[in-house]
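Trainee: Have a peek at run22.pdb (PDB, C-alpha atoms and all ligand atoms).
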ATOM      1  CA  MET G   1      56.031 -37.469  25.650  1.00  0.00           C
ATOM      2  CA  GLY G   2      59.346 -38.380  24.124  1.00  0.00           C
ATOM      3  CA  LEU G   3      61.845 -37.013  21.659  1.00  0.00           C
ATOM      4  CA  THR G   4      59.566 -36.938  18.604  1.00  0.00           C
ATOM      5  CA  GLU G   5      56.819 -35.070  20.441  1.00  0.00           C
ATOM      6  CA  ILE G   6      59.252 -32.523  21.906  1.00  0.00           C
ATOM      7  CA  ARG G   7      60.841 -31.894  18.493  1.00  0.00           C
ATOM      8  CA  ALA G   8      57.370 -31.303  17.035  1.00  0.00           C
ATOM      9  CA  ARG G   9      56.475 -28.888  19.849  1.00  0.00           C
ATOM     10  CA  ILE G  10      59.747 -27.014  19.316  1.00  0.00           C
ATOM     11  CA  SER G  11      59.087 -26.556  15.624  1.00  0.00           C
ATOM     12  CA  ARG G  12      55.505 -25.406  16.318  1.00  0.00           C
ATOM     13  CA  ALA G  13      56.807 -22.886  18.867  1.00  0.00           C
ATOM     14  CA  CYS G  14      59.403 -21.621  16.368  1.00  0.00           C
ATOM     15  CA  LYS G  15      56.734 -21.209  13.711  1.00  0.00           C
ATOM     16  CA  ALA G  16      54.401 -19.391  16.112  1.00  0.00           C
ATOM     17  CA  ALA G  17      57.219 -17.006  17.043  1.00  0.00           C
ATOM     18  CA  GLY G  18      58.151 -16.384  13.414  1.00  0.00           C
ATOM     19  CA  ARG G  19      61.540 -17.971  13.944  1.00  0.00           C
ATOM     20  CA  ALA G  20      63.395 -20.475  11.758  1.00  0.00           C
ATOM     21  CA  GLU G  21      63.094 -24.080  12.961  1.00  0.00           C
ATOM     22  CA  ASP G  22      66.827 -24.478  13.201  1.00  0.00           C
ATOM     23  CA  ALA G  23      67.066 -21.383  15.425  1.00  0.00           C
ATOM     24  CA  VAL G  24      66.598 -23.549  18.506  1.00  0.00           C
ATOM     25  CA  THR G  25      68.950 -26.304  19.654  1.00  0.00           C
ATOM     26  CA  LEU G  26      67.504 -29.078  21.800  1.00  0.00           C
ATOM     27  CA  ILE G  27      69.683 -30.260  24.680  1.00  0.00           C
ATOM     28  CA  ALA G  28      68.324 -33.577  25.988  1.00  0.00           C
ATOM     29  CA  VAL G  29      69.051 -33.485  29.715  1.00  0.00           C
ATOM     30  CA  SER G  30      70.069 -37.031  30.592  1.00  0.00           C
ATOM     31  CA  LYS G  31      71.160 -36.538  34.225  1.00  0.00           C
ATOM     32  CA  VAL G  32      70.103 -39.335  36.590  1.00  0.00           C
ATOM     33  CA  GLN G  33      68.226 -41.173  33.801  1.00  0.00           C
ATOM     34  CA  PRO G  34      68.665 -44.940  33.410  1.00  0.00           C
ATOM     35  CA  LEU G  35      71.217 -45.693  30.684  1.00  0.00           C
ATOM     36  CA  GLU G  36      68.723 -47.632  28.576  1.00  0.00           C
ATOM     37  CA  ARG G  37      66.545 -44.524  28.245  1.00  0.00           C
ATOM     38  CA  VAL G  38      69.560 -42.484  27.140  1.00  0.00           C
ATOM     39  CA  GLU G  39      70.559 -45.188  24.698  1.00  0.00           C
ATOM     40  CA  ALA G  40      67.042 -45.230  23.210  1.00  0.00           C
ATOM     41  CA  VAL G  41      67.284 -41.498  22.477  1.00  0.00           C
ATOM     42  CA  LEU G  42      70.742 -42.005  20.928  1.00  0.00           C
ATOM     43  CA  GLU G  43      69.247 -44.764  18.756  1.00  0.00           C
ATOM     44  CA  GLN G  44      66.613 -42.274  17.587  1.00  0.00           C
ATOM     45  CA  GLY G  45      69.460 -40.158  16.250  1.00  0.00           C
ATOM     46  CA  HIS G  46      69.678 -37.416  18.857  1.00  0.00           C
ATOM     47  CA  ARG G  47      73.264 -36.343  19.573  1.00  0.00           C
ATOM     48  CA  LEU G  48      73.255 -33.432  22.044  1.00  0.00           C
ATOM     49  CA  PHE G  49      72.864 -34.066  25.745  1.00  0.00           C
ATOM     50  CA  GLY G  50      73.036 -32.107  28.992  1.00  0.00           C
ATOM     51  CA  GLU G  51      74.476 -33.221  32.315  1.00  0.00           C
ATOM     52  CA  ASN G  52      74.677 -31.342  35.591  1.00  0.00           C
ATOM     53  CA  ARG G  53      77.485 -33.260  37.297  1.00  0.00           C
ATOM     54  CA  VAL G  54      81.031 -33.742  36.038  1.00  0.00           C
ATOM     55  CA  GLN G  55      81.450 -37.089  37.804  1.00  0.00           C
ATOM     56  CA  GLU G  56      78.223 -38.527  36.464  1.00  0.00           C
ATOM     57  CA  ALA G  57      79.018 -37.360  32.926  1.00  0.00           C
ATOM     58  CA  ALA G  58      82.521 -38.868  33.124  1.00  0.00           C
ATOM     59  CA  GLY G  59      80.971 -42.186  34.113  1.00  0.00           C
ATOM     60  CA  LYS G  60      78.616 -42.509  31.170  1.00  0.00           C
ATOM     61  CA  TRP G  61      79.640 -40.435  28.149  1.00  0.00           C
ATOM     62  CA  PRO G  62      83.062 -41.758  27.095  1.00  0.00           C
ATOM     63  CA  GLU G  63      81.479 -45.141  26.407  1.00  0.00           C
ATOM     64  CA  PHE G  64      78.464 -43.725  24.544  1.00  0.00           C
ATOM     65  CA  LYS G  65      80.804 -41.490  22.510  1.00  0.00           C
ATOM     66  CA  ALA G  66      82.805 -44.538  21.484  1.00  0.00           C
ATOM     67  CA  ARG G  67      79.629 -46.240  20.269  1.00  0.00           C
ATOM     68  CA  PHE G  68      77.786 -43.324  18.652  1.00  0.00           C
ATOM     69  CA  ASP G  69      79.312 -40.775  16.266  1.00  0.00           C
ATOM     70  CA  GLY G  70      78.963 -37.052  16.713  1.00  0.00           C
ATOM     71  CA  VAL G  71      77.821 -36.952  20.328  1.00  0.00           C
ATOM     72  CA  SER G  72      78.138 -33.647  22.215  1.00  0.00           C
ATOM     73  CA  VAL G  73      77.591 -33.114  25.917  1.00  0.00           C
ATOM     74  CA  HIS G  74      76.955 -29.775  27.601  1.00  0.00           C
ATOM     75  CA  LEU G  75      77.486 -29.072  31.301  1.00  0.00           C
ATOM     76  CA  ILE G  76      74.398 -27.350  32.693  1.00  0.00           C
ATOM     77  CA  GLY G  77      75.098 -27.665  36.433  1.00  0.00           C
ATOM     78  CA  PRO G  78      77.511 -26.060  38.889  1.00  0.00           C
ATOM     79  CA  LEU G  79      81.239 -26.492  38.288  1.00  0.00           C
ATOM     80  CA  GLN G  80      83.790 -26.603  41.106  1.00  0.00           C
ATOM     81  CA  THR G  81      87.154 -25.131  40.157  1.00  0.00           C
ATOM     82  CA  ASN G  82      88.935 -28.380  41.072  1.00  0.00           C
ATOM     83  CA  LYS G  83      86.871 -30.192  38.408  1.00  0.00           C
ATOM     84  CA  ALA G  84      87.414 -27.529  35.736  1.00  0.00           C
ATOM     85  CA  ARG G  85      90.206 -29.338  33.895  1.00  0.00           C
ATOM     86  CA  GLN G  86      88.169 -32.525  33.708  1.00  0.00           C
ATOM     87  CA  ALA G  87      85.193 -30.492  32.474  1.00  0.00           C
ATOM     88  CA  LEU G  88      87.303 -29.008  29.690  1.00  0.00           C
ATOM     89  CA  GLY G  89      87.949 -32.493  28.385  1.00  0.00           C
ATOM     90  CA  LEU G  90      84.380 -33.750  28.659  1.00  0.00           C
ATOM     91  CA  PHE G  91      82.089 -30.965  27.516  1.00  0.00           C
ATOM     92  CA  ASP G  92      81.536 -29.030  24.294  1.00  0.00           C
ATOM     93  CA  ALA G  93      79.851 -26.207  26.179  1.00  0.00           C
ATOM     94  CA  ILE G  94      79.576 -25.015  29.762  1.00  0.00           C
ATOM     95  CA  HIS G  95      76.303 -23.236  30.614  1.00  0.00           C
ATOM     96  CA  SER G  96      77.141 -22.494  34.233  1.00  0.00           C
ATOM     97  CA  LEU G  97      79.960 -19.963  34.413  1.00  0.00           C
ATOM     98  CA  ASP G  98      78.780 -18.132  37.509  1.00  0.00           C
ATOM     99  CA  ARG G  99      81.723 -16.429  39.252  1.00  0.00           C
ATOM    100  CA  PRO G 100      85.021 -14.607  38.616  1.00  0.00           C
ATOM    101  CA  LYS G 101      87.187 -17.295  40.231  1.00  0.00           C
ATOM    102  CA  LEU G 102      85.847 -19.942  37.864  1.00  0.00           C
ATOM    103  CA  ALA G 103      86.323 -17.605  34.876  1.00  0.00           C
ATOM    104  CA  GLN G 104      89.980 -17.124  35.814  1.00  0.00           C
ATOM    105  CA  THR G 105      90.537 -20.852  36.291  1.00  0.00           C
ATOM    106  CA  LEU G 106      88.849 -21.765  32.986  1.00  0.00           C
ATOM    107  CA  ALA G 107      90.848 -19.106  31.138  1.00  0.00           C
ATOM    108  CA  ARG G 108      94.143 -20.404  32.538  1.00  0.00           C
ATOM    109  CA  LEU G 109      93.309 -24.049  31.775  1.00  0.00           C
ATOM    110  CA  ALA G 110      92.062 -23.177  28.293  1.00  0.00           C
ATOM    111  CA  GLN G 111      95.439 -21.546  27.593  1.00  0.00           C
ATOM    112  CA  GLU G 112      97.248 -24.659  28.807  1.00  0.00           C
ATOM    113  CA  GLU G 113      95.048 -27.103  26.926  1.00  0.00           C
ATOM    114  CA  GLY G 114      94.741 -25.002  23.791  1.00  0.00           C
ATOM    115  CA  ARG G 115      90.980 -25.461  23.673  1.00  0.00           C
ATOM    116  CA  CYS G 116      87.896 -24.221  25.489  1.00  0.00           C
ATOM    117  CA  PRO G 117      84.246 -25.243  25.374  1.00  0.00           C
ATOM    118  CA  ASP G 118      81.672 -22.606  24.415  1.00  0.00           C
ATOM    119  CA  ILE G 119      80.758 -20.614  27.489  1.00  0.00           C
ATOM    120  CA  PHE G 120      77.351 -19.441  28.693  1.00  0.00           C
ATOM    121  CA  ILE G 121      77.259 -17.140  31.703  1.00  0.00           C
ATOM    122  CA  GLU G 122      74.623 -18.127  34.242  1.00  0.00           C
ATOM    123  CA  VAL G 123      72.547 -15.187  35.456  1.00  0.00           C
ATOM    124  CA  ASN G 124      70.586 -15.381  38.709  1.00  0.00           C
ATOM    125  CA  THR G 125      67.627 -13.488  37.243  1.00  0.00           C
ATOM    126  CA  GLY G 126      65.480 -14.071  40.331  1.00  0.00           C
ATOM    127  CA  GLU G 127      68.248 -12.835  42.657  1.00  0.00           C
ATOM    128  CA  GLU G 128      67.695 -15.931  44.796  1.00  0.00           C
ATOM    129  CA  THR G 129      70.211 -16.242  47.627  1.00  0.00           C
ATOM    130  CA  GLN G 130      70.465 -20.033  47.358  1.00  0.00           C
ATOM    131  CA  LYS G 131      70.963 -20.009  43.597  1.00  0.00           C
ATOM    132  CA  ALA G 132      74.175 -19.731  41.590  1.00  0.00           C
ATOM    133  CA  GLY G 133      74.701 -17.088  38.956  1.00  0.00           C
ATOM    134  CA  ILE G 134      75.776 -13.523  38.377  1.00  0.00           C
ATOM    135  CA  LEU G 135      73.279 -10.901  39.549  1.00  0.00           C
ATOM    136  CA  PRO G 136      71.610  -9.002  36.677  1.00  0.00           C
ATOM    137  CA  ALA G 137      73.198  -5.745  37.837  1.00  0.00           C
ATOM    138  CA  ASP G 138      76.673  -7.303  37.595  1.00  0.00           C
ATOM    139  CA  ALA G 139      76.146  -9.057  34.264  1.00  0.00           C
ATOM    140  CA  ASP G 140      77.583  -6.399  31.924  1.00  0.00           C
ATOM    141  CA  ALA G 141      80.797  -6.095  33.917  1.00  0.00           C
ATOM    142  CA  PHE G 142      81.181  -9.860  34.180  1.00  0.00           C
ATOM    143  CA  VAL G 143      80.702 -10.369  30.437  1.00  0.00           C
ATOM    144  CA  ALA G 144      83.433  -7.775  29.853  1.00  0.00           C
ATOM    145  CA  GLU G 145      85.711  -9.487  32.378  1.00  0.00           C
ATOM    146  CA  CYS G 146      85.260 -12.867  30.674  1.00  0.00           C
ATOM    147  CA  ARG G 147      85.941 -11.374  27.265  1.00  0.00           C
ATOM    148  CA  ALA G 148      89.097  -9.742  28.588  1.00  0.00           C
ATOM    149  CA  LEU G 149      90.184 -13.227  29.678  1.00  0.00           C
ATOM    150  CA  ASP G 150      89.622 -14.436  26.077  1.00  0.00           C
ATOM    151  CA  LEU G 151      86.917 -16.877  27.111  1.00  0.00           C
ATOM    152  CA  PRO G 152      84.607 -17.835  24.212  1.00  0.00           C
ATOM    153  CA  VAL G 153      81.413 -16.425  25.718  1.00  0.00           C
ATOM    154  CA  VAL G 154      78.516 -17.319  23.412  1.00  0.00           C
ATOM    155  CA  GLY G 155      75.513 -16.482  25.548  1.00  0.00           C
ATOM    156  CA  LEU G 156      73.636 -16.312  28.828  1.00  0.00           C
ATOM    157  CA  MET G 157      71.745 -18.945  30.779  1.00  0.00           C
ATOM    158  CA  CYS G 158      69.073 -18.786  33.488  1.00  0.00           C
ATOM    159  CA  ILE G 159      66.919 -21.020  35.671  1.00  0.00           C
ATOM    160  CA  PRO G 160      63.861 -18.988  36.736  1.00  0.00           C
ATOM    161  CA  PRO G 161      62.553 -19.270  40.311  1.00  0.00           C
ATOM    162  CA  VAL G 162      60.054 -22.156  40.566  1.00  0.00           C
ATOM    163  CA  ASP G 163      57.222 -19.990  41.889  1.00  0.00           C
ATOM    164  CA  GLU G 164      57.406 -17.118  39.403  1.00  0.00           C
ATOM    165  CA  THR G 165      56.251 -16.519  35.835  1.00  0.00           C
ATOM    166  CA  PRO G 166      59.220 -17.732  33.771  1.00  0.00           C
ATOM    167  CA  SER G 167      58.538 -15.300  30.908  1.00  0.00           C
ATOM    168  CA  LEU G 168      59.636 -12.300  32.965  1.00  0.00           C
ATOM    169  CA  HIS G 169      62.984 -13.992  33.575  1.00  0.00           C
ATOM    170  CA  PHE G 170      63.375 -15.066  29.954  1.00  0.00           C
ATOM    171  CA  ALA G 171      62.688 -11.502  28.811  1.00  0.00           C
ATOM    172  CA  LEU G 172      65.233 -10.095  31.265  1.00  0.00           C
ATOM    173  CA  LEU G 173      67.880 -12.600  30.113  1.00  0.00           C
ATOM    174  CA  ALA G 174      67.178 -11.724  26.461  1.00  0.00           C
ATOM    175  CA  LYS G 175      67.583  -8.029  27.225  1.00  0.00           C
ATOM    176  CA  LEU G 176      70.907  -8.587  29.040  1.00  0.00           C
ATOM    177  CA  ALA G 177      72.210 -10.723  26.165  1.00  0.00           C
ATOM    178  CA  GLU G 178      71.179  -8.244  23.530  1.00  0.00           C
ATOM    179  CA  ARG G 179      72.826  -5.260  25.154  1.00  0.00           C
ATOM    180  CA  ASN G 180      76.045  -7.264  25.498  1.00  0.00           C
ATOM    181  CA  GLY G 181      76.004  -8.438  21.897  1.00  0.00           C
ATOM    182  CA  LEU G 182      75.505 -12.090  22.839  1.00  0.00           C
ATOM    183  CA  LYS G 183      73.485 -14.348  20.521  1.00  0.00           C
ATOM    184  CA  GLY G 184      73.067 -17.443  22.718  1.00  0.00           C
ATOM    185  CA  LEU G 185      70.161 -17.791  25.151  1.00  0.00           C
ATOM    186  CA  SER G 186      70.096 -21.023  27.162  1.00  0.00           C
ATOM    187  CA  MET G 187      66.633 -20.973  28.725  1.00  0.00           C
ATOM    188  CA  GLY G 188      63.544 -23.142  28.937  1.00  0.00           C
ATOM    189  CA  MET G 189      63.051 -26.598  30.464  1.00  0.00           C
ATOM    190  CA  SER G 190      60.295 -29.255  30.222  1.00  0.00           C
ATOM    191  CA  ALA G 191      57.622 -27.031  31.753  1.00  0.00           C
ATOM    192  CA  ASP G 192      58.340 -23.799  29.901  1.00  0.00           C
ATOM    193  CA  PHE G 193      60.455 -24.295  26.772  1.00  0.00           C
ATOM    194  CA  GLU G 194      57.750 -22.970  24.458  1.00  0.00           C
ATOM    195  CA  GLU G 195      57.595 -19.667  26.352  1.00  0.00           C
ATOM    196  CA  ALA G 196      61.386 -19.514  26.230  1.00  0.00           C
ATOM    197  CA  ILE G 197      61.344 -20.010  22.455  1.00  0.00           C
ATOM    198  CA  ALA G 198      58.786 -17.204  22.108  1.00  0.00           C
ATOM    199  CA  LEU G 199      61.259 -14.942  23.922  1.00  0.00           C
ATOM    200  CA  GLY G 200      64.294 -15.917  21.865  1.00  0.00           C
ATOM    201  CA  ALA G 201      65.822 -19.065  23.409  1.00  0.00           C
ATOM    202  CA  THR G 202      68.541 -20.569  21.211  1.00  0.00           C
ATOM    203  CA  HIS G 203      69.157 -23.572  23.505  1.00  0.00           C
ATOM    204  CA  VAL G 204      66.380 -25.323  25.426  1.00  0.00           C
ATOM    205  CA  ARG G 205      67.303 -27.844  28.124  1.00  0.00           C
ATOM    206  CA  VAL G 206      64.633 -30.527  28.264  1.00  0.00           C
ATOM    207  CA  GLY G 207      64.928 -33.588  30.488  1.00  0.00           C
ATOM    208  CA  SER G 208      61.860 -35.242  31.967  1.00  0.00           C
ATOM    209  CA  ALA G 209      59.578 -34.441  29.004  1.00  0.00           C
ATOM    210  CA  ILE G 210      61.901 -36.531  26.796  1.00  0.00           C
ATOM    211  CA  PHE G 211      63.107 -39.281  29.122  1.00  0.00           C
ATOM    212  CA  GLY G 212      60.324 -39.482  31.715  1.00  0.00           C
ATOM    213  CA  GLU G 213      60.443 -38.509  35.378  1.00  0.00           C
ATOM    214  CA  ARG G 214      63.828 -38.710  37.059  1.00  0.00           C
ATOM    215  CA  GLN G 215      64.349 -41.076  39.983  1.00  0.00           C
ATOM    216  CA  LYS G 216      64.515 -38.988  43.129  1.00  0.00           C
ATOM    217  CA  THR G 217      68.065 -38.979  44.489  1.00  0.00           C
TER     218      THR G 217
HETATM  219  C1  LIG X   1      67.580 -30.830  35.266  1.00  0.00           C
HETATM  220  C2  LIG X   1      67.777 -29.582  34.535  1.00  0.00           C
HETATM  221  C3  LIG X   1      67.041 -29.294  33.370  1.00  0.00           C
HETATM  222  C4  LIG X   1      65.951 -30.200  32.814  1.00  0.00           C
HETATM  223  O1  LIG X   1      64.830 -30.169  33.634  1.00  0.00           O
HETATM  224  P1  LIG X   1      63.441 -30.840  33.175  1.00  0.00           P
HETATM  225  O2  LIG X   1      62.435 -30.154  34.006  1.00  0.00           O
HETATM  226  O3  LIG X   1      63.568 -32.298  33.473  1.00  0.00           O
HETATM  227  O4  LIG X   1      63.283 -30.582  31.733  1.00  0.00           O
HETATM  228  C5  LIG X   1      67.322 -28.113  32.704  1.00  0.00           C
HETATM  229  N1  LIG X   1      68.265 -27.264  33.149  1.00  0.00           N
HETATM  230  C6  LIG X   1      68.992 -27.507  34.251  1.00  0.00           C
HETATM  231  C7  LIG X   1      70.025 -26.521  34.685  1.00  0.00           C
HETATM  232  C8  LIG X   1      68.770 -28.657  34.985  1.00  0.00           C
HETATM  233  O5  LIG X   1      69.502 -28.881  36.095  1.00  0.00           O
END
For the file at hand, write its structure as structure tokens.
Ligand SMILES: *Cc1c(COP(=O)(O)O)cnc(C)c1O

Mentor:
Amino acid sequence: MGLTEIRARISRACKAAGRAEDAVTLIAVSKVQPLERVEAVLEQGHRLFGENRVQEAAGKWPEFKARFDGVSVHLIGPLQTNKARQALGLFDAIHSLDRPKLAQTLARLAQEEGRCPDIFIEVNTGEETQKAGILPADADAFVAECRALDLPVVGLMCIPPVDETPSLHFALLAKLAERNGLKGLSMGMSADFEEAIALGATHVRVGSAIFGERQKT
């Protein structure tokens, strides 16, 4: 695998779905990867990365951003409210807005700071008890609540249950986004990004297929 191969597969999937090639944004998920692998992908010209921990992102991205122009980093993992201010400074988008308390905190901090990253609302499409995210039945009301707080909500995000057909979850997320007038769909990872693209993904989050397997932590 690697970046070139994944880009080629994305454009094939776009073509097969009758979608424009630039309809899908590739987020290279660099969490836990050795820095030299991340640097190699930067050297290849890729500029958009995903991290799932604020602390880890703060430790690696300021330096890379100083060395490479035009780098963006998206938060794709859970955000604690006490790290929200730091997240506002580090990330260009947050894909994991998953509860009212965090929405209120982000809205207040965004007012104070005068800026806010793009926001994706995470939906727990599989209704898994251990997983973060708004339940599908609560999604419409939560989107409205976030809009009332003036948060720049651009789309929805999901992580399907590991043991289920991802397409069902991608289709549900697409339906929820559409009926709320949201264009962004953050869905699809190394194992299923082509199916996600077929169902309308605008942002795919691909880690191991680009960088290689992650070290177990
Ligand atoms: C780690 C992670 C990914 C990337 O997973 P791969 O299977 O390595 O592509 C995507 N999305 C989220 C939310 C993740 O935590």

Trainee: Per residue of chain G within 7 Å of ligand LIG 1 (chain X), record the nearest atom pair and its distance in Å to one decimal, counting all atoms listed in the file, with rows in chain order and ascending residue number, as a tab-separated table.

Mentor:
residue	atom	partner	partner_atom	distance
G:Val29	CA	X:LIG1	C4	5.5
G:Lys31	CA	X:LIG1	C1	6.8
G:Asn52	CA	X:LIG1	O5	5.8
G:Ile76	CA	X:LIG1	C7	4.9
G:Gly77	CA	X:LIG1	C7	5.5
G:Ile159	CA	X:LIG1	C7	6.4
G:Met189	CA	X:LIG1	O4	4.2
G:Ser190	CA	X:LIG1	O4	3.6
G:Ala191	CA	X:LIG1	O2	6.2
G:Arg205	CA	X:LIG1	C5	4.6
G:Val206	CA	X:LIG1	O4	3.7
G:Gly207	CA	X:LIG1	O3	3.5
G:Ser208	CA	X:LIG1	O3	3.7
G:Ala209	CA	X:LIG1	O4	6.0

Trainee: Evaluate the PyMOL selection byres (((chain G and resi 74) around 8) and not hetatm) against this structure - the residues, as a PyMOL selection string, please.

Mentor: chain G and resi 27+48-51+72-73+75-76+91-95

Trainee: Identify which of the residues G:Asp118, G:Glu63, G:Asp150, G:Asp98 lies closest to G:Glu39, counting all atoms listed in the file when measuring atom-to-atom distances.

Mentor: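 The shortest atom-to-atom distance to G:Glu39 comes from G:Glu63.
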
Trainee: Since I can't run it myself right now, could you work out what the PyMOL selection byres (((chain G and resi 97) around 8) and not hetatm) selects here and report it as an NGL selection string?

Mentor: :G and (78-79 or 94-96 or 98-99 or 102-103 or 119-122 or 133)

Trainee: Which residue, G:Ala17, G:Gly2, G:Phe211, G:Arg47, has the smallest gap to G:Leu35 when you use all atoms listed in the file?

Mentor: G:Phe211

Trainee: At a cut-off of 10 Å around the point (83.1, -35.1, 39.2) (file coordinates), what residues fall inside when counting only C-alpha atoms? I'd like the answer as a ChimeraX atom specification.

Mentor: /G:52-59,79-80,82-84,86-87

Trainee: Once 6 Å is added on each side, what are the centre and the three edge lengths, in Å to one decimal, of the axis-aligned box enclosing the listed atoms of stretch 124-129 of chain G? Present them as AutoDock Vina command-line options.

Mentor:
--center_x 68.0 --center_y -14.5 --center_z 42.4 --size_x 17.1 --size_y 15.4 --size_z 22.4

Trainee: What residues come out when you apply the PyMOL selection byres (((chain G and resi 40) around 12) and not hetatm) to this file, written as a ChimeraX atom specification?

Mentor: /G:2-3,30,33-39,41-47,64,68,210-211

Trainee: Create the file for the chosen residues now, containing C-alpha atoms and written as an mmCIF file, in the coordinates of the input.

Mentor:
data_model
loop_
_atom_site.group_PDB
_atom_site.id
_atom_site.type_symbol
_atom_site.label_atom_id
_atom_site.label_comp_id
_atom_site.auth_asym_id
_atom_site.auth_seq_id
_atom_site.Cartn_x
_atom_site.Cartn_y
_atom_site.Cartn_z
ATOM 1 C CA GLY G 2 59.346 -38.380 24.124
ATOM 2 C CA LEU G 3 61.845 -37.013 21.659
ATOM 3 C CA SER G 30 70.069 -37.031 30.592
ATOM 4 C CA GLN G 33 68.226 -41.173 33.801
ATOM 5 C CA PRO G 34 68.665 -44.940 33.410
ATOM 6 C CA LEU G 35 71.217 -45.693 30.684
ATOM 7 C CA GLU G 36 68.723 -47.632 28.576
ATOM 8 C CA ARG G 37 66.545 -44.524 28.245
ATOM 9 C CA VAL G 38 69.560 -42.484 27.140
ATOM 10 C CA GLU G 39 70.559 -45.188 24.698
ATOM 11 C CA VAL G 41 67.284 -41.498 22.477
ATOM 12 C CA LEU G 42 70.742 -42.005 20.928
ATOM 13 C CA GLU G 43 69.247 -44.764 18.756
ATOM 14 C CA GLN G 44 66.613 -42.274 17.587
ATOM 15 C CA GLY G 45 69.460 -40.158 16.250
ATOM 16 C CA HIS G 46 69.678 -37.416 18.857
ATOM 17 C CA ARG G 47 73.264 -36.343 19.573
ATOM 18 C CA PHE G 64 78.464 -43.725 24.544
ATOM 19 C CA PHE G 68 77.786 -43.324 18.652
ATOM 20 C CA ILE G 210 61.901 -36.531 26.796
ATOM 21 C CA PHE G 211 63.107 -39.281 29.122
#

Trainee: Please indicate the distance in Å from atom CA of G:Thr202 to atom CA of G:Leu156, rounded to one decimal place.

Mentor: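 Going from atom CA of G:Thr202 over to atom CA of G:Leu156 covers 10.1 Å.
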
Trainee: Please identify all polymer residues within 7 Å of G:Val204, counting only C-alpha atoms, omitting same-chain residues fewer than 6 positions from it, and present them as a compact mmCIF listing (two decimals) with C-alpha atoms, in the frame of the given file.

Mentor:
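That gives us selection_35.txt:
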# COMPACT_ATOMS: atom_id res chain seq x y z
CA THR G 25 68.95 -26.30 19.65
CA LEU G 26 67.50 -29.08 21.80
CA ILE G 27 69.68 -30.26 24.68
CA SER G 186 70.10 -21.02 27.16
CA MET G 187 66.63 -20.97 28.72
CA GLY G 188 63.54 -23.14 28.94
CA MET G 189 63.05 -26.60 30.46
CA PHE G 193 60.46 -24.30 26.77

Trainee: Find the residue from G:Ala16, G:Ala110, G:Arg85, G:Ala137 that sits nearest to G:Leu199; use all atoms listed in the file when measuring.

Mentor: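 Closest residue, counting all atoms listed in the file: G:Ala16.
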
Trainee: Kindly output stretch 145-155 of chain G as a compact mmCIF listing (two decimals), in the frame of the given file, after building N, CA, C and O atoms.

Mentor:
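See part-v6.txt below for the written result:
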# COMPACT_ATOMS: atom_id res chain seq x y z
N GLU G 145 84.58 -8.83 31.71
CA GLU G 145 85.71 -9.49 32.38
C GLU G 145 86.05 -10.81 31.68
O GLU G 145 87.23 -11.12 31.45
N CYS G 146 85.02 -11.58 31.34
CA CYS G 146 85.26 -12.87 30.67
C CYS G 146 85.86 -12.67 29.28
O CYS G 146 86.74 -13.44 28.85
N ARG G 147 85.38 -11.66 28.59
CA ARG G 147 85.94 -11.37 27.26
C ARG G 147 87.39 -10.95 27.37
O ARG G 147 88.22 -11.33 26.54
N ALA G 148 87.71 -10.17 28.39
CA ALA G 148 89.10 -9.74 28.59
C ALA G 148 90.00 -10.94 28.86
O ALA G 148 91.19 -10.91 28.56
N LEU G 149 89.42 -11.99 29.42
CA LEU G 149 90.18 -13.23 29.68
C LEU G 149 90.24 -14.13 28.44
O LEU G 149 90.76 -15.23 28.49
N ASP G 150 89.65 -13.66 27.33
CA ASP G 150 89.62 -14.44 26.08
C ASP G 150 88.77 -15.68 26.14
O ASP G 150 88.98 -16.63 25.37
N LEU G 151 87.82 -15.72 27.07
CA LEU G 151 86.92 -16.88 27.11
C LEU G 151 85.90 -16.76 25.97
O LEU G 151 85.39 -15.67 25.71
N PRO G 152 85.59 -17.87 25.30
CA PRO G 152 84.61 -17.84 24.21
C PRO G 152 83.17 -17.78 24.74
O PRO G 152 82.46 -18.78 24.73
N VAL G 153 82.77 -16.59 25.18
CA VAL G 153 81.41 -16.42 25.72
C VAL G 153 80.43 -16.35 24.56
O VAL G 153 80.54 -15.47 23.70
N VAL G 154 79.47 -17.29 24.53
CA VAL G 154 78.52 -17.32 23.41
C VAL G 154 77.11 -16.90 23.83
O VAL G 154 76.26 -16.64 22.99
N GLY G 155 76.87 -16.84 25.14
CA GLY G 155 75.51 -16.48 25.55
C GLY G 155 75.31 -16.47 27.04
O GLY G 155 76.26 -16.60 27.83
